[in-house]
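> The file below is target31.cif, mmCIF, C-alpha atoms:
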data_start
#
loop_
_atom_site.label_atom_id
_atom_site.label_comp_id
_atom_site.auth_asym_id
_atom_site.auth_seq_id
_atom_site.Cartn_x
_atom_site.Cartn_y
_atom_site.Cartn_z
CA MET A 1 -8.89 27.20 -31.03
CA PRO A 2 -12.70 27.42 -31.42
CA ASP A 3 -14.65 30.35 -30.03
CA LEU A 4 -14.98 29.54 -26.32
CA ALA A 5 -17.54 32.21 -25.42
CA GLY A 6 -20.34 30.65 -23.39
CA THR A 7 -18.32 27.54 -22.51
CA PRO A 8 -19.14 26.42 -18.93
CA ALA A 9 -16.30 26.82 -16.42
CA ALA A 10 -15.66 24.60 -13.38
CA ASP A 11 -13.28 25.18 -10.49
CA ALA A 12 -10.53 22.82 -9.30
CA ASP A 13 -13.11 20.89 -7.24
CA GLY A 14 -15.31 20.33 -10.28
CA ARG A 15 -17.99 22.83 -9.32
CA PHE A 16 -19.39 24.89 -12.18
CA PHE A 17 -19.33 28.57 -11.30
CA GLY A 18 -19.68 30.52 -14.53
CA GLU A 19 -18.69 30.60 -18.16
CA VAL A 20 -16.09 31.87 -20.57
CA PHE A 21 -16.88 35.40 -21.65
CA GLY A 22 -13.94 35.73 -24.03
CA ALA A 23 -10.19 35.38 -24.48
CA LEU A 24 -7.27 37.79 -24.53
CA ALA A 25 -4.55 37.30 -27.13
CA GLU A 26 -1.31 39.03 -28.04
CA ALA A 27 -1.84 41.53 -30.83
CA ASP A 28 1.38 40.65 -32.64
CA THR A 29 1.24 36.83 -32.44
CA GLY A 30 -2.43 36.02 -31.95
CA LEU A 31 -1.52 33.64 -29.10
CA ILE A 32 -4.18 33.38 -26.42
CA ARG A 33 -2.80 34.34 -23.00
CA TYR A 34 -5.87 34.56 -20.75
CA LEU A 35 -9.48 33.49 -20.53
CA ASP A 36 -11.97 36.08 -19.32
CA LEU A 37 -14.36 34.22 -17.01
CA ASP A 38 -17.77 35.52 -15.98
CA VAL A 39 -18.33 34.46 -12.33
CA HIS A 40 -22.06 33.94 -12.00
CA GLY A 41 -23.73 35.54 -9.00
CA ALA A 42 -20.67 37.67 -8.21
CA GLY A 43 -21.19 40.32 -10.88
CA ARG A 44 -17.51 40.25 -11.81
CA HIS A 45 -15.07 38.91 -14.36
CA VAL A 46 -11.63 37.42 -13.67
CA LEU A 47 -8.70 36.63 -15.93
CA VAL A 48 -7.11 33.19 -15.74
CA PRO A 49 -3.79 32.41 -17.48
CA ILE A 50 -4.39 29.91 -20.26
CA GLY A 51 -2.00 27.42 -18.65
CA HIS A 52 -4.01 27.42 -15.44
CA VAL A 53 -7.02 26.08 -17.30
CA ARG A 54 -7.63 22.60 -18.64
CA MET A 55 -9.93 22.29 -21.63
CA ALA A 56 -11.87 19.12 -22.30
CA ARG A 57 -10.52 17.37 -25.36
CA THR A 58 -12.56 15.80 -28.11
CA GLY A 59 -13.88 12.43 -26.96
CA GLU A 60 -13.36 13.08 -23.26
CA ALA A 61 -16.19 12.80 -20.80
CA GLY A 62 -17.58 16.15 -19.68
CA SER A 63 -17.24 19.49 -21.35
CA GLY A 64 -16.05 23.00 -20.75
CA VAL A 65 -12.97 24.36 -19.04
CA THR A 66 -11.66 23.44 -15.59
CA LEU A 67 -9.33 25.50 -13.42
CA ARG A 68 -6.17 23.64 -12.44
CA ALA A 69 -5.80 25.25 -9.00
CA ALA A 70 -8.42 27.84 -8.12
CA THR A 71 -11.65 27.06 -6.30
CA VAL A 72 -14.68 29.32 -6.27
CA SER A 73 -13.56 30.78 -2.94
CA ASP A 74 -10.04 31.36 -4.31
CA LEU A 75 -11.45 33.43 -7.17
CA ALA A 76 -12.54 36.06 -4.66
CA ALA A 77 -8.83 36.89 -4.17
CA ILE A 78 -8.21 37.35 -7.91
CA PRO A 79 -8.51 41.01 -8.98
CA SER A 80 -11.59 41.74 -11.05
CA TYR A 81 -11.03 42.34 -14.73
CA GLU A 82 -12.49 45.77 -15.51
CA PRO A 83 -11.09 47.01 -18.84
CA HIS A 84 -13.40 50.01 -18.80
CA LEU A 85 -11.28 51.50 -15.99
CA GLY A 86 -8.35 51.89 -18.36
CA THR A 87 -5.79 50.21 -16.09
CA PRO A 88 -2.58 49.53 -18.09
CA MET A 89 -2.46 45.88 -19.16
CA ASP A 90 1.06 45.43 -17.78
CA GLU A 91 -0.17 46.41 -14.33
CA THR A 92 -3.24 44.18 -14.67
CA GLN A 93 -1.10 41.20 -15.66
CA ARG A 94 1.28 41.65 -12.72
CA GLU A 95 -1.61 41.68 -10.26
CA VAL A 96 -3.44 38.76 -11.85
CA LEU A 97 -0.36 36.56 -12.19
CA ALA A 98 0.78 37.27 -8.63
CA ALA A 99 -2.66 36.32 -7.31
CA HIS A 100 -2.80 33.09 -9.30
CA SER A 101 0.74 32.05 -8.42
CA ARG A 102 -0.13 32.16 -4.72
CA LEU A 103 -2.69 29.41 -5.30
CA PHE A 104 -0.05 26.93 -6.45
CA SER A 105 1.32 25.87 -3.08
CA GLY A 106 0.84 22.99 -0.73
CA GLU A 107 -1.75 20.57 -2.01
CA LYS A 108 -2.33 22.77 -5.08
CA TYR A 109 1.17 22.79 -6.40
CA TYR A 110 2.32 25.70 -8.47
CA ALA A 111 3.66 25.41 -12.00
CA HIS A 112 4.74 27.52 -14.89
CA PRO A 113 1.55 28.54 -16.69
CA ALA A 114 2.88 27.90 -20.17
CA TYR A 115 2.86 24.11 -20.28
CA ASP A 116 0.95 21.13 -18.99
CA HIS A 117 2.75 19.68 -15.98
CA SER A 118 0.37 16.79 -15.41
CA GLY A 119 1.84 13.34 -14.93
CA LEU A 120 4.68 14.28 -12.59
CA TYR A 121 4.01 12.70 -9.21
CA ALA A 122 0.41 13.40 -10.04
CA GLY A 123 -1.05 10.16 -8.71
CA GLU A 124 -3.25 10.06 -5.67
CA HIS A 125 -0.24 9.04 -3.59
CA ALA A 126 3.18 9.48 -5.20
CA LEU A 127 4.80 7.90 -2.16
CA ARG A 128 3.98 4.70 -0.33
CA SER A 129 4.48 4.02 3.33
CA ALA A 130 3.61 1.50 5.98
CA LEU A 131 3.08 4.36 8.40
CA THR A 132 0.48 7.10 8.65
CA SER A 133 1.99 10.52 9.13
CA PRO A 134 0.14 13.09 11.22
CA ALA A 135 -1.79 15.75 9.37
CA GLY A 136 0.14 18.98 9.04
CA ALA A 137 3.54 17.29 9.07
CA ASP A 138 6.39 19.43 7.76
CA LEU A 139 7.99 18.98 4.37
CA VAL A 140 10.80 16.44 4.71
CA PRO A 141 13.43 15.03 2.29
CA VAL A 142 12.47 11.49 1.30
CA SER A 143 15.95 10.29 2.33
CA GLN A 144 14.98 11.20 5.90
CA LEU A 145 11.80 9.14 5.72
CA PRO A 146 13.04 5.52 5.91
CA ASP A 147 9.49 4.16 5.92
CA HIS A 148 8.50 6.06 2.76
CA GLN A 149 9.39 5.19 -0.83
CA VAL A 150 8.50 6.52 -4.26
CA ALA A 151 5.44 4.64 -5.49
CA ASP A 152 6.02 1.88 -8.03
CA GLU A 153 4.13 3.73 -10.77
CA GLU A 154 6.25 6.88 -10.36
CA GLN A 155 9.89 7.39 -11.32
CA ASP A 156 12.52 7.97 -8.68
CA ILE A 157 14.57 10.79 -10.21
CA ARG A 158 17.16 11.08 -7.44
CA GLY A 159 20.64 11.22 -8.94
CA TRP A 160 19.34 12.34 -12.34
CA PRO A 161 20.84 15.39 -14.08
CA VAL A 162 18.73 18.54 -14.29
CA VAL A 163 18.78 20.28 -17.66
CA ALA A 164 17.55 23.84 -17.99
CA LYS A 165 16.49 25.55 -21.20
CA ASP A 166 20.09 26.39 -22.12
CA GLY A 167 22.07 23.54 -20.57
CA ALA A 168 23.00 21.63 -17.43
CA ALA A 169 21.82 23.11 -14.14
CA GLY A 170 22.61 20.45 -11.54
CA GLU A 171 21.51 17.08 -10.20
CA VAL A 172 18.53 15.91 -8.18
CA GLU A 173 19.99 15.03 -4.81
CA ASP A 174 16.71 14.36 -3.04
CA LEU A 175 12.96 14.68 -3.23
CA VAL A 176 11.07 16.77 -0.72
CA ALA A 177 7.73 15.39 0.35
CA ASP A 178 4.68 16.11 2.41
CA PRO A 179 4.58 12.79 4.32
CA ALA A 180 1.02 13.30 5.51
CA ALA A 181 -0.30 13.71 1.96
CA LEU A 182 2.16 11.13 0.52
CA LYS A 183 3.01 13.68 -2.18
CA VAL A 184 6.30 14.92 -3.60
CA ARG A 185 6.50 18.72 -3.57
CA TYR A 186 10.05 19.65 -4.64
CA ALA A 187 13.24 18.33 -6.11
CA LEU A 188 16.25 19.30 -4.01
CA VAL A 189 18.81 20.14 -6.69
CA ARG A 190 22.57 20.30 -6.16
CA LEU A 191 23.79 23.08 -8.42
CA GLU A 192 26.20 22.53 -11.28
CA ASP A 193 29.77 23.82 -10.77
CA GLU A 194 29.12 25.28 -7.33
CA ALA A 195 30.08 24.36 -3.78
CA PRO A 196 29.09 20.80 -2.81
CA HIS A 197 26.41 22.02 -0.45
CA SER A 198 24.74 24.55 -2.76
CA HIS A 199 21.16 23.37 -3.14
CA VAL A 200 17.91 24.89 -4.37
CA LEU A 201 14.30 23.78 -4.35
CA LEU A 202 12.52 23.28 -7.67
CA PRO A 203 8.74 22.77 -7.46
CA VAL A 204 7.71 19.54 -9.17
CA GLY A 205 5.31 21.57 -11.33
CA PHE A 206 8.33 23.01 -13.14
CA LEU A 207 9.89 19.63 -13.95
CA GLU A 208 9.53 17.39 -16.97
CA ILE A 209 10.81 13.83 -16.64
CA GLU A 210 12.51 12.19 -19.60
CA GLY A 211 12.52 8.62 -18.40
CA GLU A 212 14.29 7.04 -21.36
CA ALA A 213 17.07 9.62 -21.23
CA GLY A 214 17.30 9.43 -17.43
CA ARG A 215 17.17 13.17 -16.96
CA VAL A 216 14.90 15.94 -15.72
CA ARG A 217 14.21 19.00 -17.86
CA VAL A 218 13.17 22.42 -16.59
CA PRO A 219 11.91 23.87 -19.88
CA ALA A 220 10.76 27.20 -18.46
CA LEU A 221 14.05 28.14 -16.79
CA ARG A 222 17.58 28.94 -17.85
CA ALA A 223 20.56 27.68 -15.86
CA ALA A 224 21.07 31.20 -14.51
CA ASP A 225 17.45 31.23 -13.31
CA VAL A 226 18.06 28.04 -11.34
CA ARG A 227 21.20 29.53 -9.80
CA ALA A 228 19.19 32.63 -8.87
CA LEU A 229 16.90 30.61 -6.59
CA PRO A 230 17.49 30.95 -2.84
CA ARG A 231 19.90 28.43 -1.35
CA GLN A 232 18.25 25.81 0.82
CA SER A 233 19.78 24.36 3.97
CA GLY A 234 18.16 22.98 7.06
CA PRO A 235 14.44 22.39 7.65
CA ILE A 236 12.08 23.60 4.93
CA ARG A 237 9.67 26.20 6.25
CA ARG A 238 6.79 28.05 4.66
CA ALA A 239 8.98 31.16 4.47
CA ASP A 240 11.43 29.18 2.31
CA GLU A 241 8.61 28.18 -0.03
CA ASP A 242 7.45 31.79 -0.28
CA GLU A 243 10.99 32.86 -1.20
CA VAL A 244 11.16 30.23 -3.95
CA ARG A 245 7.84 31.37 -5.41
CA ALA A 246 8.89 35.02 -5.26
CA ALA A 247 12.18 34.22 -7.01
CA LEU A 248 10.37 32.35 -9.78
CA ASP A 249 7.97 35.25 -10.20
CA ARG A 250 10.95 37.58 -10.66
CA VAL A 251 12.67 35.55 -13.37
CA LEU A 252 9.47 34.61 -15.18
CA ASP A 253 8.35 38.13 -15.91
CA GLY A 254 6.53 39.36 -18.96
CA ARG A 255 6.35 37.10 -22.01
CA ARG A 256 8.60 34.45 -20.45
CA ARG A 257 5.58 33.23 -18.52
CA PHE A 258 4.12 32.07 -21.80
CA ASP A 259 7.07 30.54 -23.65
CA ARG A 260 5.03 27.50 -24.68
CA PRO A 261 1.36 28.52 -24.67
CA ASP A 262 0.31 25.43 -26.61
CA PHE A 263 1.59 23.07 -23.88
CA ARG A 264 4.05 21.39 -26.26
CA ARG A 265 7.76 20.95 -25.76
CA ASP A 266 10.01 23.38 -27.57
CA VAL A 267 12.17 21.06 -29.71
CA ARG A 268 14.34 23.75 -31.26
#
Once you've parsed the file, please lay out its structure as structure tokens.

Amino acid sequence: MPDLAGTPAADADGRFFGEVFGALAEADTGLIRYLDLDVHGAGRHVLVPIGHVRMARTGEAGSGVTLRAATVSDLAAIPSYEPHLGTPMDETQREVLAAHSRLFSGEKYYAHPAYDHSGLYAGEHALRSALTSPAGADLVPVSQLPDHQVADEEQDIRGWPVVAKDGAAGEVEDLVADPAALKVRYALVRLEDEAPHSHVLLPVGFLEIEGEAGRVRVPALRAADVRALPRQSGPIRRADEDEVRAALDRVLDGRRRFDRPDFRRDVR
């Protein structure tokens, strides 16, 4: 990776707010884990996990780095990076990662920061409907929305097996959508080898569709991680979403957050 110092940085809305001051890498592997961003006008630096940043590729229009989720106003809630204070890096990482993970909800959907989750229900409207749902509508399984269907350009993964990092985890029983936004938010997964009504919510940002194989991979999680998610029954409330995010934060601790820092599938 070239030296990024001085590279302009834009937020998720495309507004330039500062520049890359430097990067933080693991001492033993040399893998970059965070970008240190200088927020102009604020007199502060923030760390952003490398997977929460998109870098312009050679030949693409535009330049610089773009945050996948955070806006300028969101950055105010990210702890400042102040290495001169001598705060242990483990403590700094916990605070920074917790703050960033809270941004990936609702319209800014959260994802594992070690791989590029673009392309999964990422269109402007992943669902199509003849009706207009009211703003602020609750999350609802697509099977309960007879006037909504998965858009033609997206793949309907209902009934597909879910494969975790170390083997089968379950099957996609339904998709959970925000009908007002016409977006899919979760896969409702029936767990492997458990009671018929044992279901968990997997955020779409954690899924990787293998269309030719007719299956869904969850490359960041093990089967036990999926089983550790809170069971879902009844209406999906914001408290349920917060529990899912908290459970994912618990299992993806330490280096596991960065299993694939180069955004490529682990083929081993």
> Which one of A:Leu175, A:Ile78, A:Leu35, A:Leu139 sits closest to Asp240 (chain A) if you count all atoms listed in the file?
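Once distances to Asp240 (chain A) are computed over all atoms listed in the file, the minimum belongs to A:Leu139.
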> Please evaluate the PyMOL selection byres ((chain A and resi 69) around 6) against the displayed coordinates and give the resulting residues as an NGL selection string.
:A and (12 or 67-68 or 70 or 108)
> Separation of CA of Ala169 (chain A) and CA of Leu207 (chain A), in Å?
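Taking CA of Ala169 (chain A) as the start and CA of Leu207 (chain A) as the end point, the length is 12.4 Å.
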> In Å, rounded to a single decimal, give me how far CA of Arg94 (chain A) is from CA of Leu202 (chain A).
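Between CA of Leu202 (chain A) and CA of Arg94 (chain A) the gap works out to 22.1 Å.
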> Once the PyMOL selection byres ((chain A and resi 23-29) around 10) is applied to the coordinates I shared, what remains selected? I want it as an mmCIF file with C-alpha atoms, in the frame of the given file.

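Listed below is the output, part-v1.cif:
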data_model
loop_
_atom_site.group_PDB
_atom_site.id
_atom_site.type_symbol
_atom_site.label_atom_id
_atom_site.label_comp_id
_atom_site.auth_asym_id
_atom_site.auth_seq_id
_atom_site.Cartn_x
_atom_site.Cartn_y
_atom_site.Cartn_z
ATOM 1 C CA ASP A 3 -14.650 30.350 -30.030
ATOM 2 C CA LEU A 4 -14.980 29.540 -26.320
ATOM 3 C CA ALA A 5 -17.540 32.210 -25.420
ATOM 4 C CA VAL A 20 -16.090 31.870 -20.570
ATOM 5 C CA PHE A 21 -16.880 35.400 -21.650
ATOM 6 C CA GLY A 22 -13.940 35.730 -24.030
ATOM 7 C CA GLY A 30 -2.430 36.020 -31.950
ATOM 8 C CA LEU A 31 -1.520 33.640 -29.100
ATOM 9 C CA ILE A 32 -4.180 33.380 -26.420
ATOM 10 C CA ARG A 33 -2.800 34.340 -23.000
ATOM 11 C CA TYR A 34 -5.870 34.560 -20.750
ATOM 12 C CA LEU A 35 -9.480 33.490 -20.530
ATOM 13 C CA ASP A 36 -11.970 36.080 -19.320
ATOM 14 C CA LEU A 37 -14.360 34.220 -17.010
ATOM 15 C CA LEU A 47 -8.700 36.630 -15.930
ATOM 16 C CA VAL A 48 -7.110 33.190 -15.740
ATOM 17 C CA PRO A 49 -3.790 32.410 -17.480
ATOM 18 C CA ILE A 50 -4.390 29.910 -20.260
ATOM 19 C CA ARG A 255 6.350 37.100 -22.010
#
> Between CA of Gly159 (chain A) and CA of Gly214 (chain A), measure the distance and give it in Å to one decimal.
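Rounded to one decimal, the two atoms are 9.3 Å apart.
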> Counting only C-alpha atoms, which of A:Asp74, A:Gly43, A:Asp147, A:Gly51 gets nearest to Asp11 (chain A)?
A:Asp74
> Could you write out as a PyMOL selection string the residues that the PyMOL selection byres ((chain A and resi 97) around 10) matches in the shown file?
chain A and resi 47-49+78-79+92-96+98-102+113+249+253+257
> Go through A:Val65, A:Ala228, A:Leu75, A:Val162 one by one, measure the shortest atom-to-atom distance of each to Glu19 (chain A) using all atoms listed in the file, and give the residue with the smallest value.
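Among the listed residues, the smallest separation from Glu19 (chain A) belongs to A:Val65.
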> Can you list, as a VMD selection string, every protein, DNA or RNA residue that comes within 9 Å of Val216 (chain A) when you count all atoms listed in the file, leaving out same-chain residues fewer than 3 positions away?
chain A and resid 157 160 to 164 171 to 172 207 to 211 213
> Can you work out which one of A:Pro8, A:Arg231, A:Thr66, A:Val53 has the shortest atom-to-atom distance to Asp38 (chain A), counting all atoms listed in the file?
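Between A:Pro8, A:Arg231, A:Thr66, A:Val53, the residue approaching Asp38 (chain A) most closely is A:Pro8.
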> Of the candidates A:Arg227, A:Lys165, A:Arg185, A:Arg215, which one gets nearest to Val200 (chain A) if we count all atoms listed in the file?
A:Arg227
> Give as a compact mmCIF listing (two decimals) with C-alpha atoms, keeping the file's coordinate frame the set of residues within 12 Å of the point (17.2, 31.3, -3.4), where distances use the file's coordinates and all atoms listed in the file.

# COMPACT_ATOMS: atom_id res chain seq x y z
CA VAL A 189 18.81 20.14 -6.69
CA LEU A 191 23.79 23.08 -8.42
CA SER A 198 24.74 24.55 -2.76
CA HIS A 199 21.16 23.37 -3.14
CA VAL A 200 17.91 24.89 -4.37
CA LEU A 201 14.30 23.78 -4.35
CA LEU A 202 12.52 23.28 -7.67
CA ALA A 224 21.07 31.20 -14.51
CA ASP A 225 17.45 31.23 -13.31
CA VAL A 226 18.06 28.04 -11.34
CA ARG A 227 21.20 29.53 -9.80
CA ALA A 228 19.19 32.63 -8.87
CA LEU A 229 16.90 30.61 -6.59
CA PRO A 230 17.49 30.95 -2.84
CA ARG A 231 19.90 28.43 -1.35
CA GLN A 232 18.25 25.81 0.82
CA SER A 233 19.78 24.36 3.97
CA ALA A 239 8.98 31.16 4.47
CA ASP A 240 11.43 29.18 2.31
CA GLU A 241 8.61 28.18 -0.03
CA ASP A 242 7.45 31.79 -0.28
CA GLU A 243 10.99 32.86 -1.20
CA VAL A 244 11.16 30.23 -3.95
CA ARG A 245 7.84 31.37 -5.41
CA ALA A 246 8.89 35.02 -5.26
CA ALA A 247 12.18 34.22 -7.01
CA LEU A 248 10.37 32.35 -9.78
CA ARG A 250 10.95 37.58 -10.66
CA VAL A 251 12.67 35.55 -13.37
> Find the residue from A:Ala223, A:Ala187, A:Val176, A:Val46 that sits nearest to Phe206 (chain A); use only C-alpha atoms when measuring.
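For Phe206 (chain A), the nearest of the candidates is A:Ala187.
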